[in-house]
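K.L.:
One file is attached below, structure16.txt, containing compact mmCIF, C-alpha atoms and all ligand atoms.
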```txt
# COMPACT_ATOMS: atom_id res chain seq x y z
CA MET A 42 -13.76 4.28 4.74
CA LEU A 43 -11.60 1.72 6.52
CA GLU A 44 -11.45 1.46 10.27
CA VAL A 45 -9.05 -1.03 11.79
CA GLU A 46 -9.62 -1.86 15.43
CA ASN A 47 -7.28 -3.75 17.75
CA LEU A 48 -5.73 -5.86 15.04
CA THR A 49 -3.46 -8.59 16.37
CA VAL A 50 -1.56 -10.98 14.11
CA ALA A 51 0.80 -13.77 15.15
CA TYR A 52 3.09 -16.16 13.32
CA GLY A 53 3.15 -19.04 15.77
CA ASP A 54 4.48 -17.51 18.99
CA ILE A 55 5.71 -14.32 17.33
CA LEU A 56 3.32 -11.39 17.70
CA ALA A 57 3.81 -9.40 14.52
CA LEU A 58 1.01 -6.90 15.22
CA GLN A 59 -0.49 -6.06 18.59
CA ASP A 60 -3.72 -4.11 19.05
CA VAL A 61 -3.14 -1.98 15.99
CA SER A 62 -5.88 0.61 15.40
CA PHE A 63 -6.04 3.24 12.68
CA PHE A 64 -8.42 4.65 10.10
CA LEU A 65 -8.45 5.78 6.53
CA GLU A 66 -10.98 8.35 5.28
CA ALA A 67 -12.18 8.27 1.68
CA GLY A 68 -9.78 10.35 -0.43
CA GLU A 69 -7.02 10.32 2.16
CA MET A 70 -3.38 9.37 1.79
CA VAL A 71 -2.10 7.84 5.01
CA SER A 72 1.46 6.67 5.66
CA ILE A 73 2.47 4.05 8.18
CA ILE A 74 6.15 4.43 8.98
CA GLY A 75 8.16 1.61 10.45
CA ALA A 76 11.64 0.12 10.50
CA ASN A 77 12.51 -3.30 9.14
CA GLY A 78 10.44 -5.97 10.86
CA ALA A 79 7.97 -3.50 12.39
CA GLY A 80 5.05 -5.38 10.83
CA LYS A 81 4.26 -3.25 7.76
CA THR A 82 3.99 -6.09 5.25
CA THR A 83 2.07 -8.18 7.75
CA LEU A 84 -0.42 -5.35 8.14
CA LEU A 85 -1.09 -4.98 4.41
CA ASN A 86 -1.17 -8.73 3.81
CA THR A 87 -3.67 -9.12 6.64
CA LEU A 88 -5.92 -6.43 5.16
CA MET A 89 -5.67 -8.09 1.76
CA GLY A 90 -6.50 -11.52 3.19
CA LEU A 91 -3.13 -13.16 2.58
CA VAL A 92 -2.36 -13.52 6.30
CA LYS A 93 -4.94 -14.44 8.93
CA ALA A 94 -5.66 -12.10 11.83
CA LYS A 95 -5.68 -13.47 15.36
CA SER A 96 -8.16 -10.87 16.55
CA GLY A 97 -9.51 -7.46 15.72
CA ARG A 98 -11.71 -5.93 13.05
CA ALA A 99 -11.31 -3.97 9.83
CA LEU A 100 -14.57 -2.24 8.97
CA TYR A 101 -14.95 -1.21 5.36
CA VAL A 102 -17.62 1.30 4.41
CA GLU A 103 -18.31 1.65 0.71
CA PRO A 104 -18.17 5.33 -0.24
CA SER A 105 -21.30 5.13 -2.38
CA LYS A 106 -23.41 3.86 0.48
CA ASP A 107 -24.80 6.63 2.66
CA GLY A 108 -25.50 6.89 6.37
CA GLY A 109 -26.70 3.93 8.34
CA ASN A 110 -24.15 1.62 6.74
CA ARG A 111 -21.85 0.67 9.58
CA GLY A 112 -19.52 -1.17 7.29
CA ARG A 113 -18.52 -4.79 7.23
CA ASP A 114 -15.55 -6.54 8.69
CA ILE A 115 -13.37 -7.45 5.73
CA LEU A 116 -11.26 -9.73 7.95
CA GLN A 117 -14.18 -12.16 7.71
CA LEU A 118 -14.09 -12.18 3.89
CA PRO A 119 -11.92 -14.35 1.64
CA ALA A 120 -9.21 -12.48 -0.28
CA HIS A 121 -11.04 -12.53 -3.62
CA GLU A 122 -14.08 -10.84 -2.09
CA ARG A 123 -11.87 -8.08 -0.69
CA ALA A 124 -10.42 -7.64 -4.17
CA ALA A 125 -13.97 -7.46 -5.54
CA LEU A 126 -14.67 -4.59 -3.12
CA GLY A 127 -11.86 -2.67 -4.80
CA ILE A 128 -9.00 -3.25 -2.37
CA ARG A 129 -5.72 -3.70 -4.22
CA ILE A 130 -2.13 -4.19 -3.11
CA VAL A 131 1.13 -3.16 -4.74
CA PRO A 132 3.27 -5.86 -3.14
CA GLU A 133 6.72 -5.47 -1.65
CA ARG A 134 9.51 -5.82 -4.24
CA ALA A 135 7.01 -5.27 -7.05
CA ARG A 136 6.23 -8.80 -8.03
CA VAL A 137 5.34 -8.96 -11.69
CA PHE A 138 4.79 -12.02 -13.87
CA PRO A 139 8.30 -12.51 -15.31
CA ASN A 140 7.36 -14.35 -18.49
CA LEU A 141 4.37 -12.23 -19.41
CA THR A 142 4.79 -9.02 -21.36
CA VAL A 143 4.05 -5.66 -19.80
CA GLU A 144 0.69 -5.63 -21.53
CA GLN A 145 -0.14 -9.17 -20.42
CA ASN A 146 0.79 -8.21 -16.85
CA LEU A 147 -1.67 -5.34 -17.08
CA ARG A 148 -4.33 -7.70 -18.45
CA MET A 149 -3.91 -9.79 -15.29
CA GLY A 150 -4.92 -6.66 -13.39
CA VAL A 151 -8.32 -6.62 -15.09
CA TYR A 152 -8.77 -10.40 -15.20
CA GLY A 153 -12.37 -11.29 -14.42
CA LEU A 154 -13.53 -7.68 -14.55
CA SER A 155 -14.74 -7.78 -18.16
CA GLY A 156 -17.66 -5.47 -18.60
CA SER A 157 -17.05 -3.41 -15.46
CA VAL A 158 -13.79 -1.85 -16.64
CA ASP A 159 -13.07 0.05 -19.86
CA VAL A 160 -9.79 -1.73 -20.52
CA GLU A 161 -8.54 0.46 -23.37
CA ARG A 162 -9.16 3.59 -21.37
CA ALA A 163 -7.60 2.14 -18.21
CA PHE A 164 -4.50 1.08 -20.15
CA GLY A 165 -4.30 4.51 -21.81
CA GLU A 166 -4.36 6.16 -18.39
CA VAL A 167 -1.55 4.07 -16.92
CA TYR A 168 0.53 4.45 -20.08
CA GLU A 169 0.12 8.19 -19.68
CA LEU A 170 1.26 7.99 -16.04
CA PHE A 171 4.17 5.67 -16.88
CA PRO A 172 5.29 6.30 -20.48
CA VAL A 173 8.14 3.79 -20.17
CA LEU A 174 5.58 1.00 -19.82
CA LYS A 175 4.01 1.96 -23.12
CA GLU A 176 7.41 1.87 -24.81
CA ARG A 177 8.08 -1.56 -23.35
CA ARG A 178 4.58 -3.02 -23.57
CA ARG A 179 5.69 -6.02 -25.64
CA GLN A 180 8.71 -6.83 -23.46
CA ALA A 181 8.65 -9.62 -20.86
CA GLY A 182 8.30 -8.45 -17.26
CA GLN A 183 11.64 -9.99 -16.30
CA THR A 184 13.50 -7.81 -18.81
CA LEU A 185 12.43 -4.60 -17.05
CA SER A 186 14.67 -2.79 -14.58
CA GLY A 187 13.67 -2.76 -10.90
CA GLY A 188 12.21 0.72 -11.22
CA GLU A 189 10.20 -0.25 -14.29
CA GLN A 190 8.87 -3.33 -12.49
CA GLN A 191 7.73 -1.08 -9.60
CA GLN A 192 5.90 1.09 -12.10
CA LEU A 193 4.32 -1.99 -13.68
CA ALA A 194 3.21 -3.26 -10.27
CA ILE A 195 1.47 0.06 -9.56
CA ALA A 196 -0.03 0.15 -13.05
CA ARG A 197 -1.34 -3.39 -12.72
CA ALA A 198 -3.14 -2.42 -9.50
CA LEU A 199 -4.51 0.78 -11.06
CA VAL A 200 -6.11 -0.67 -14.20
CA SER A 201 -8.84 -2.26 -12.09
CA SER A 202 -9.96 1.17 -10.75
CA PRO A 203 -9.33 0.34 -7.10
CA ARG A 204 -11.16 2.03 -4.23
CA ILE A 205 -8.29 1.58 -1.78
CA LEU A 206 -4.69 1.10 -2.83
CA LEU A 207 -2.32 -0.56 -0.35
CA VAL A 208 1.31 0.19 -1.22
CA ASP A 209 4.10 -1.85 0.38
CA GLU A 210 7.48 -0.05 0.56
CA ILE A 211 7.47 1.10 -3.00
CA SER A 212 10.70 3.05 -2.48
CA MET A 213 12.70 -0.02 -1.44
CA GLY A 214 15.78 -0.48 -3.60
CA LEU A 215 14.93 2.35 -5.98
CA MET A 216 17.23 5.17 -7.05
CA PRO A 217 16.17 8.52 -5.53
CA LYS A 218 15.01 9.81 -8.89
CA LEU A 219 12.65 6.85 -9.31
CA VAL A 220 11.43 7.17 -5.73
CA ASP A 221 10.45 10.74 -6.57
CA LEU A 222 8.69 9.56 -9.73
CA VAL A 223 6.58 6.86 -8.09
CA PHE A 224 5.75 9.06 -5.10
CA SER A 225 4.68 11.91 -7.37
CA VAL A 226 2.43 9.53 -9.31
CA LEU A 227 0.83 8.35 -6.05
CA LYS A 228 0.31 11.95 -4.97
CA ARG A 229 -1.23 12.79 -8.31
CA LEU A 230 -3.62 9.82 -8.11
CA ASN A 231 -4.68 10.95 -4.66
CA ASP A 232 -5.00 14.66 -5.56
CA GLU A 233 -6.57 14.36 -8.98
CA LYS A 234 -8.60 11.17 -8.75
CA GLY A 235 -9.27 11.11 -5.04
CA LEU A 236 -7.83 7.61 -4.79
CA THR A 237 -7.59 6.47 -1.16
CA ILE A 238 -4.05 5.27 -0.46
CA LEU A 239 -2.42 3.50 2.47
CA LEU A 240 1.34 3.66 2.12
CA VAL A 241 3.68 1.68 4.37
CA GLU A 242 7.28 2.87 4.28
CA GLN A 243 10.68 3.06 5.93
CA ASN A 244 11.33 6.21 3.93
CA ALA A 245 9.73 8.56 6.45
CA VAL A 246 10.85 11.78 4.77
CA LYS A 247 9.14 11.11 1.46
CA ALA A 248 6.18 9.16 2.79
CA LEU A 249 5.25 11.89 5.28
CA ALA A 250 5.82 14.60 2.67
CA ILE A 251 3.01 13.30 0.44
CA ALA A 252 0.58 11.99 3.12
CA HIS A 253 -2.20 13.75 5.01
CA ARG A 254 -1.76 11.74 8.19
CA GLY A 255 0.66 9.20 9.50
CA TYR A 256 1.26 6.53 12.08
CA ILE A 257 4.54 5.25 13.49
CA LEU A 258 4.59 1.47 13.80
CA GLU A 259 7.12 0.10 16.23
CA THR A 260 7.56 -3.66 16.67
CA GLY A 261 3.93 -4.34 15.94
CA ARG A 262 2.38 -1.45 17.87
CA ILE A 263 1.30 2.04 16.90
CA ALA A 264 3.67 4.32 18.85
CA LEU A 265 2.56 7.71 17.52
CA GLU A 266 -0.01 9.16 15.17
CA GLY A 267 -0.93 12.54 13.80
CA LYS A 268 -0.95 14.91 10.90
CA ALA A 269 1.90 14.08 8.55
CA SER A 270 3.32 17.60 8.88
CA ASP A 271 3.30 17.37 12.69
CA LEU A 272 4.92 13.94 12.68
CA SER A 273 7.70 15.08 10.42
CA GLN A 274 8.39 17.95 12.87
CA ASN A 275 8.23 15.71 15.93
CA PRO A 276 11.72 15.56 17.50
CA LYS A 277 11.42 11.86 18.39
CA VAL A 278 10.37 10.99 14.87
CA ARG A 279 13.09 13.15 13.43
CA GLU A 280 15.71 11.45 15.52
CA ALA A 281 14.52 7.92 14.83
CA TYR A 282 13.40 8.10 11.21
CA LEU A 283 14.48 11.34 9.63
CA GLY A 284 18.05 11.61 10.85
CA GLY A 285 21.16 9.81 9.71
CA ASP A 286 19.77 6.44 10.68
CA ALA A 287 17.40 5.84 7.79
CA ALA A 288 16.85 2.24 8.81
CA GLY A 289 14.88 3.56 11.76
CA GLY A 290 15.23 3.38 15.49
CA SER A 291 13.01 3.72 18.48
CA VAL A 292 10.58 6.57 19.05
N1 LIG B 301 5.85 -15.82 7.44
C1 LIG B 301 6.39 -15.45 8.60
N2 LIG B 301 6.65 -16.36 9.58
C2 LIG B 301 7.16 -15.99 10.76
N3 LIG B 301 7.49 -14.73 11.10
C3 LIG B 301 7.26 -13.78 10.17
C4 LIG B 301 6.71 -14.09 8.89
N4 LIG B 301 6.61 -12.93 8.19
C5 LIG B 301 7.07 -11.96 9.00
N5 LIG B 301 7.46 -12.47 10.19
C6 LIG B 301 7.97 -11.70 11.33
O1 LIG B 301 6.99 -10.74 11.68
C7 LIG B 301 7.58 -9.48 11.98
C8 LIG B 301 7.06 -8.41 11.03
O2 LIG B 301 7.49 -8.69 9.71
P1 LIG B 301 7.03 -7.82 8.45
O3 LIG B 301 5.55 -7.64 8.50
O4 LIG B 301 7.60 -8.44 7.23
O5 LIG B 301 7.74 -6.41 8.75
P2 LIG B 301 8.13 -5.22 7.79
O6 LIG B 301 7.35 -5.35 6.53
O7 LIG B 301 7.78 -3.98 8.56
O8 LIG B 301 9.61 -5.30 7.56
C9 LIG B 301 9.09 -9.70 11.88
O9 LIG B 301 9.56 -10.02 13.17
C10 LIG B 301 9.21 -10.90 10.97
O10 LIG B 301 10.38 -11.62 11.21
MG MG B 302 7.90 -5.40 4.58
```
Before we go any further, please render this structure as structure tokens.
P.N.:
Amino acid sequence: MLEVENLTVAYGDILALQDVSFFLEAGEMVSIIGANGAGKTTLLNTLMGLVKAKSGRALYVEPSKDGGNRGRDILQLPAHERAALGIRIVPERARVFPNLTVEQNLRMGVYGLSGSVDVERAFGEVYELFPVLKERRRQAGQTLSGGEQQQLAIARALVSSPRILLVDEISMGLMPKLVDLVFSVLKRLNDEKGLTILLVEQNAVKALAIAHRGYILETGRIALEGKASDLSQNPKVREAYLGGDAAGGSV
């Protein structure tokens, strides 16, 4: 569904990503594990069109189109056209609109999609996934706790019925109980609705536990890849990402 080939991204002289290649099949959950500064946010922002690639391709094949469609390079499209294809990001640190209510934040998620989305139904679904948002739907975004804001950020991405959900370190700063909650919702969306999810995380234990496949990103390069279950058994991965040093080390 998405095939990234030799993606290189630089900020001035700093190479943030170097020849990164990976793929995402329709219906898959894939985790990209990396320590602080590995390039995870850069990767998602580049796919979303918020950061410009230096070189490489990201071929997107729409699931409804059958054989013969070789896909198109989304790196050549402006951000709004990628959003129109159904690519959505849950940004790092769950940015929500602070002065808008929960419900108004959700409305921003369907802005411009009138007609193509059944808003009442979409809202009903996310309120079912995150009951606390329903309770607080008239409260301003800034009055929510960090965990509630993370839930709102996911919900806001979901109401538009995305085809691919890009999730940036959703576990960051959350209490373990809330990490379990948001990860179980992501797993449910993948299992039950077949939503294709790309999850970037430092939390290797939990991210590999819910993913089908994974990649280890180390200072801008893919160092290892494989089935999530194999990666979580890999001694090098265990030592660097699953041991005492949760901040990550070198594979
Ligand atoms: N806007 C920027 N300008 C310059 N360097 C940046 C910028 N954003 C990120 N970087 C650098 O790029 C590298 C990757 O950063 P980032 O993608 O945020 O990593 P991660 O999300 O894995 O922590 C880091 O070395 C970081 O300092
Ligand atoms: Mg980041």
K.L.:
Just the number, please: distance in Å from atom CA of Leu193 of chain A to atom CA of Gly127 of chain A, one decimal.
P.N.:
18.5 Å
K.L.:
Interatomic distance between atom CA of Tyr168 of chain A and atom CA of Leu65 of chain A?
P.N.:
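Spanning atom CA of Tyr168 of chain A to atom CA of Leu65 of chain A is a straight-line distance of 28.1 Å.
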K.L.:
By how many Å are atom CA of Val50 of chain A and atom CA of Ala94 of chain A apart?
P.N.:
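Computing it gives 4.8 Å between the two atoms.
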K.L.:
Against ligand LIG 301 (chain B), which residues of chain A fall within 9 Å? For each one I want the closest pair of atoms and the distance in Å (one decimal), counting all atoms listed in the file, rows by chain and increasing residue number, as CSV.
P.N.:
```
residue,atom,partner,partner_atom,distance
A:Val50,CA,B:LIG301,O1,8.9
A:Ala51,CA,B:LIG301,O1,7.7
A:Tyr52,CA,B:LIG301,C2,4.8
A:Gly53,CA,B:LIG301,C2,7.1
A:Asp54,CA,B:LIG301,C2,8.8
A:Ile55,CA,B:LIG301,N3,6.5
A:Leu56,CA,B:LIG301,O1,7.1
A:Ala57,CA,B:LIG301,O1,4.5
A:Leu58,CA,B:LIG301,C8,7.5
A:Ile74,CA,B:LIG301,O7,8.6
A:Gly75,CA,B:LIG301,O7,5.9
A:Ala76,CA,B:LIG301,O7,6.0
A:Asn77,CA,B:LIG301,O8,3.9
A:Gly78,CA,B:LIG301,O5,3.5
A:Ala79,CA,B:LIG301,O7,3.9
A:Gly80,CA,B:LIG301,O3,3.3
A:Lys81,CA,B:LIG301,O7,3.7
A:Thr82,CA,B:LIG301,O6,3.7
A:Thr83,CA,B:LIG301,O3,3.6
A:Leu84,CA,B:LIG301,O3,6.4
A:Leu85,CA,B:LIG301,O3,8.2
A:Asn86,CA,B:LIG301,O3,8.3
A:Val92,CA,B:LIG301,N1,8.6
A:Glu133,CA,B:LIG301,O6,8.2
A:Asp209,CA,B:LIG301,O6,7.8
A:Glu210,CA,B:LIG301,O6,8.0
A:Val241,CA,B:LIG301,O7,8.1
A:Glu242,CA,B:LIG301,O7,8.1
A:Gln243,CA,B:LIG301,O7,8.1
A:Leu258,CA,B:LIG301,O7,8.2
A:Glu259,CA,B:LIG301,O7,8.7
A:Thr260,CA,B:LIG301,C8,7.4
A:Gly261,CA,B:LIG301,C8,7.1
```
K.L.:
Give me a file of those residues, with C-alpha atoms, as a short mmCIF file (atom, residue, chain, number, x, y, z; two decimals), in the frame of the given file.
P.N.:
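Result file follows (result.cif):
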```
data_model
loop_
_atom_site.label_atom_id
_atom_site.label_comp_id
_atom_site.auth_asym_id
_atom_site.auth_seq_id
_atom_site.Cartn_x
_atom_site.Cartn_y
_atom_site.Cartn_z
CA VAL A 50 -1.56 -10.98 14.11
CA ALA A 51 0.80 -13.77 15.15
CA TYR A 52 3.09 -16.16 13.32
CA GLY A 53 3.15 -19.04 15.77
CA ASP A 54 4.48 -17.51 18.99
CA ILE A 55 5.71 -14.32 17.33
CA LEU A 56 3.32 -11.39 17.70
CA ALA A 57 3.81 -9.40 14.52
CA LEU A 58 1.01 -6.90 15.22
CA ILE A 74 6.15 4.43 8.98
CA GLY A 75 8.16 1.61 10.45
CA ALA A 76 11.64 0.12 10.50
CA ASN A 77 12.51 -3.30 9.14
CA GLY A 78 10.44 -5.97 10.86
CA ALA A 79 7.97 -3.50 12.39
CA GLY A 80 5.05 -5.38 10.83
CA LYS A 81 4.26 -3.25 7.76
CA THR A 82 3.99 -6.09 5.25
CA THR A 83 2.07 -8.18 7.75
CA LEU A 84 -0.42 -5.35 8.14
CA LEU A 85 -1.09 -4.98 4.41
CA ASN A 86 -1.17 -8.73 3.81
CA VAL A 92 -2.36 -13.52 6.30
CA GLU A 133 6.72 -5.47 -1.65
CA ASP A 209 4.10 -1.85 0.38
CA GLU A 210 7.48 -0.05 0.56
CA VAL A 241 3.68 1.68 4.37
CA GLU A 242 7.28 2.87 4.28
CA GLN A 243 10.68 3.06 5.93
CA LEU A 258 4.59 1.47 13.80
CA GLU A 259 7.12 0.10 16.23
CA THR A 260 7.56 -3.66 16.67
CA GLY A 261 3.93 -4.34 15.94
#
```
K.L.:
Select, from A:Ala163, A:Val151, A:Leu185, A:Leu116, the residue with the minimum atom-to-atom distance to Val137 of chain A, counting all atoms listed in the file.
P.N.:
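Smallest separation from Val137 of chain A among the options: A:Leu185.
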K.L.:
Tell me which protein, DNA and RNA residues are within 8 Å of Val246 of chain A, counting all atoms listed in the file, leaving out same-chain ones fewer than 3 positions away, and put them as a list in words.
P.N.:
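Counting all atoms listed in the file, the residues come to Leu249, Ala250, Ser273, Tyr282 and Leu283 of chain A.
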K.L.:
Which residues are close to Leu215 of chain A, i.e. within 9 Å by only C-alpha atoms, leaving aside same-chain residues fewer than 3 positions away? Reply as an NGL selection string.
P.N.:
:A and (187-188 or 191 or 211-212 or 218-220)
K.L.:
Measuring atom to atom with only C-alpha atoms, identify which of A:Gln180, A:Leu118, A:Met216, A:Pro132 is nearest to Gln145 of chain A.
P.N.:
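Of the candidates, the smallest distance to Gln145 of chain A is held by A:Gln180.
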K.L.:
Using only C-alpha atoms, which protein or nucleic acid residues come within 10 Å of Glu161 of chain A? Drop anything in the same chain fewer than 4 positions from it, and give the result as a list in words.
P.N.:
Gly165, Glu166 and Val200 of chain A
K.L.:
Give me, as a PDB file with C-alpha atoms, in the coordinates of the input, all polymer residues having an atom no more than 8 Å from Glu266 of chain A, counting all atoms listed in the file and skipping those fewer than 6 positions away in the same chain.
P.N.:
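Result written to around-v1.pdb:
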```
ATOM      1  CA  ARG A 254      -1.760  11.740   8.190  1.00  0.00           C
ATOM      2  CA  GLY A 255       0.660   9.200   9.500  1.00  0.00           C
ATOM      3  CA  TYR A 256       1.260   6.530  12.080  1.00  0.00           C
ATOM      4  CA  ILE A 257       4.540   5.250  13.490  1.00  0.00           C
ATOM      5  CA  LEU A 272       4.920  13.940  12.680  1.00  0.00           C
TER       6      LEU A 272
END
```
